[in-house]
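A short worksheet on the structure shown next.
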Amino acid sequence: MKSLILMCLPLFVAACATTGNTNSSIVEYGCKDVVLLGRVTSITYSDKISEEERCIYTTDGECITWRGLYELDITVKKVFIGDEARAIVPAFYIAHGQIRSDVDFVFVLMPTDERYELKRAYISDVKSINSLAESCSSAD
């Protein structure tokens with residue numbers, strides 16, 4: 001029983017600390033995305049986003065999930081996909097919780113005008129470079 005718990009623990013940790021779909025064993029990315037290994041070095045929170053971005057609604061129109069805008073700096077350790085030469089890159093995401101800053105992640109980042117939008121983040125122990133999709137998805 002103990003070995004089963006230890007074997008499944010990374011899956012539970014990954015689900016809590018990631019954005020995006022963690023059911024797949026493949027890290028998927030869009031053709032314009034940057035995929036890198038890094039660590040969050042600073043993070044700020046703001047609730048100054050639109051109601052549409054902030055709420056997830058029930059069928060009755062009730063806002064059941066309150067989300068906020070997180071702005072962060074990511075210290076780059078290695079770039080797997082895309083062109084990024086900076087040591088620290090700015091990014092943002094809209095979510096109900098803060099991403100951890102005490103572990104490395106494989107980040108999937110979509111370029112925007114001034115910074116990246118964080119699409120997915122996987123704890124690097126759970127997702128490795130060996131699990132990247134063979135090619136980008138133009139639909140993603």
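Following the order of the structure tokens, chains are lettered A, B, ..., residues in each are numbered from 1, and ligands are numbered from 1.
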Discussion item. Env of Tyr116 of chain A: 7 Å cut, atoms = only C-alpha atoms, seq-sep filter 3 positions within chain, self excluded. Answer as a PyMOL selection string.
Written reply: chain A and resi 90-92+109-112
Contact residues around Leu36 of chain A with only C-alpha atoms at 9 Å, ignoring same-chain residues under 6 positions, as an mmCIF file with N, CA and C atoms, in the first residue's frame:
```
data_model
loop_
_atom_site.group_PDB
_atom_site.id
_atom_site.type_symbol
_atom_site.label_atom_id
_atom_site.label_comp_id
_atom_site.auth_asym_id
_atom_site.auth_seq_id
_atom_site.Cartn_x
_atom_site.Cartn_y
_atom_site.Cartn_z
ATOM 1 N N VAL A 76 14.905 31.215 -16.534
ATOM 2 C CA VAL A 76 15.050 30.165 -17.545
ATOM 3 C C VAL A 76 16.293 29.333 -17.252
ATOM 4 N N LYS A 77 16.099 28.011 -17.204
ATOM 5 C CA LYS A 77 17.222 27.093 -17.015
ATOM 6 C C LYS A 77 17.613 26.421 -18.329
ATOM 7 N N LYS A 78 16.604 26.120 -19.167
ATOM 8 C CA LYS A 78 16.865 25.483 -20.468
ATOM 9 C C LYS A 78 15.657 25.690 -21.361
ATOM 10 N N VAL A 79 15.905 26.029 -22.618
ATOM 11 C CA VAL A 79 14.840 26.177 -23.616
ATOM 12 C C VAL A 79 14.800 24.907 -24.455
ATOM 13 N N PHE A 80 13.622 24.265 -24.506
ATOM 14 C CA PHE A 80 13.453 23.050 -25.285
ATOM 15 C C PHE A 80 12.911 23.348 -26.676
ATOM 16 N N ILE A 81 11.920 24.222 -26.762
ATOM 17 C CA ILE A 81 11.251 24.549 -28.023
ATOM 18 C C ILE A 81 11.139 26.063 -28.106
ATOM 19 N N GLY A 82 11.458 26.638 -29.281
ATOM 20 C CA GLY A 82 11.290 28.067 -29.501
ATOM 21 C C GLY A 82 12.582 28.847 -29.309
ATOM 22 N N GLU A 84 14.222 31.784 -27.288
ATOM 23 C CA GLU A 84 14.206 32.683 -26.130
ATOM 24 C C GLU A 84 15.609 32.707 -25.544
ATOM 25 N N PHE A 105 9.719 23.842 -13.181
ATOM 26 C CA PHE A 105 8.603 23.427 -14.025
ATOM 27 C C PHE A 105 9.037 23.388 -15.478
ATOM 28 N N VAL A 106 8.359 22.560 -16.254
ATOM 29 C CA VAL A 106 8.397 22.674 -17.709
ATOM 30 C C VAL A 106 7.211 23.570 -18.050
ATOM 31 N N PHE A 107 7.499 24.756 -18.590
ATOM 32 C CA PHE A 107 6.475 25.749 -18.912
ATOM 33 C C PHE A 107 6.178 25.729 -20.404
ATOM 34 N N VAL A 108 4.907 25.838 -20.756
ATOM 35 C CA VAL A 108 4.481 26.070 -22.139
ATOM 36 C C VAL A 108 3.953 27.495 -22.157
ATOM 37 N N LEU A 109 4.648 28.355 -22.908
ATOM 38 C CA LEU A 109 4.353 29.792 -22.921
ATOM 39 C C LEU A 109 3.963 30.240 -24.317
#
```
Practice prompt. Return as a count of residues only the full set of residues in segment 39-135 of chain A whose backbone-based DSSP assignment is strand (DSSP E or B).
Written response: 53
Worksheet item: What is the atom CA of Ser137 of chain A to atom CA of Ile43 of chain A distance in Å?
Response: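 So the two atoms, atom CA of Ser137 of chain A and atom CA of Ile43 of chain A, lie 29.0 Å apart.
Atom to atom, atom CA of Ile123 of chain A and atom CA of Val103 of chain A stand 7.1 Å apart.
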Worksheet item: So what do you get for atom CA of Glu71 of chain A versus atom CA of Tyr57 of chain A, distance-wise?
Response: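 Between atom CA of Glu71 of chain A and atom CA of Tyr57 of chain A the gap works out to 24.0 Å.
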Item to complete: Considering only C-alpha atoms, state which residue in the set A:Ile26, A:Leu118, A:His96, A:Asp104 is at the smallest distance from Ile64 of chain A.
Response: A:His96
Worksheet item: Can you list, as an MDAnalysis selection string, every protein, DNA or RNA residue that comes within 12 Å of Cys136 of chain A when you count only C-alpha atoms, leaving out same-chain residues fewer than 4 positions away?
Response: chainID A and resid 26:35 81:82 108 132 140
Go ahead and dump the residues you just picked, C-alpha atoms, as an mmCIF file, in the first residue's frame.
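This went into selection-v4.cif:
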```cif
data_model
loop_
_atom_site.group_PDB
_atom_site.id
_atom_site.type_symbol
_atom_site.label_atom_id
_atom_site.label_comp_id
_atom_site.auth_asym_id
_atom_site.auth_seq_id
_atom_site.Cartn_x
_atom_site.Cartn_y
_atom_site.Cartn_z
ATOM 1 C CA ILE A 26 2.658 14.196 -23.601
ATOM 2 C CA VAL A 27 3.459 17.903 -23.224
ATOM 3 C CA GLU A 28 1.663 19.528 -26.170
ATOM 4 C CA TYR A 29 2.517 22.978 -27.480
ATOM 5 C CA GLY A 30 1.443 25.358 -30.207
ATOM 6 C CA CYS A 31 3.640 26.172 -33.190
ATOM 7 C CA LYS A 32 4.432 29.674 -31.845
ATOM 8 C CA ASP A 33 4.879 28.563 -28.218
ATOM 9 C CA VAL A 34 8.077 28.433 -26.205
ATOM 10 C CA VAL A 35 8.670 25.374 -24.016
ATOM 11 C CA ILE A 81 11.251 24.549 -28.023
ATOM 12 C CA GLY A 82 11.290 28.067 -29.501
ATOM 13 C CA VAL A 108 4.481 26.070 -22.139
ATOM 14 C CA LEU A 132 7.262 16.499 -25.521
ATOM 15 C CA ASP A 140 -3.245 25.025 -29.854
#
```
Item to complete: Skip Glu53 of chain A itself and residues of its chain fewer than 5 positions away, then list as a PyMOL selection string all residues within 12 Å of it, counting only C-alpha atoms.
Response: chain A and resi 47-48+63+65-69+93-96
Writing out the chosen residues with C-alpha atoms as a PDB file, in the first residue's frame:
```pdb
ATOM      1  CA  ASP A  47      -8.093  41.082  -9.185  1.00  0.00           C
ATOM      2  CA  LYS A  48      -8.360  43.869 -11.771  1.00  0.00           C
ATOM      3  CA  CYS A  63     -20.194  33.084 -10.204  1.00  0.00           C
ATOM      4  CA  THR A  65     -15.008  30.410  -9.022  1.00  0.00           C
ATOM      5  CA  TRP A  66     -13.090  33.575  -8.337  1.00  0.00           C
ATOM      6  CA  ARG A  67      -9.913  33.922 -10.354  1.00  0.00           C
ATOM      7  CA  GLY A  68      -7.246  36.568 -10.518  1.00  0.00           C
ATOM      8  CA  LEU A  69      -4.409  37.759 -12.714  1.00  0.00           C
ATOM      9  CA  TYR A  93      -1.897  33.675 -16.224  1.00  0.00           C
ATOM     10  CA  ILE A  94      -5.464  33.864 -14.936  1.00  0.00           C
ATOM     11  CA  ALA A  95      -6.278  31.247 -12.317  1.00  0.00           C
ATOM     12  CA  HIS A  96      -7.724  30.591  -8.887  1.00  0.00           C
TER      13      HIS A  96
END
```
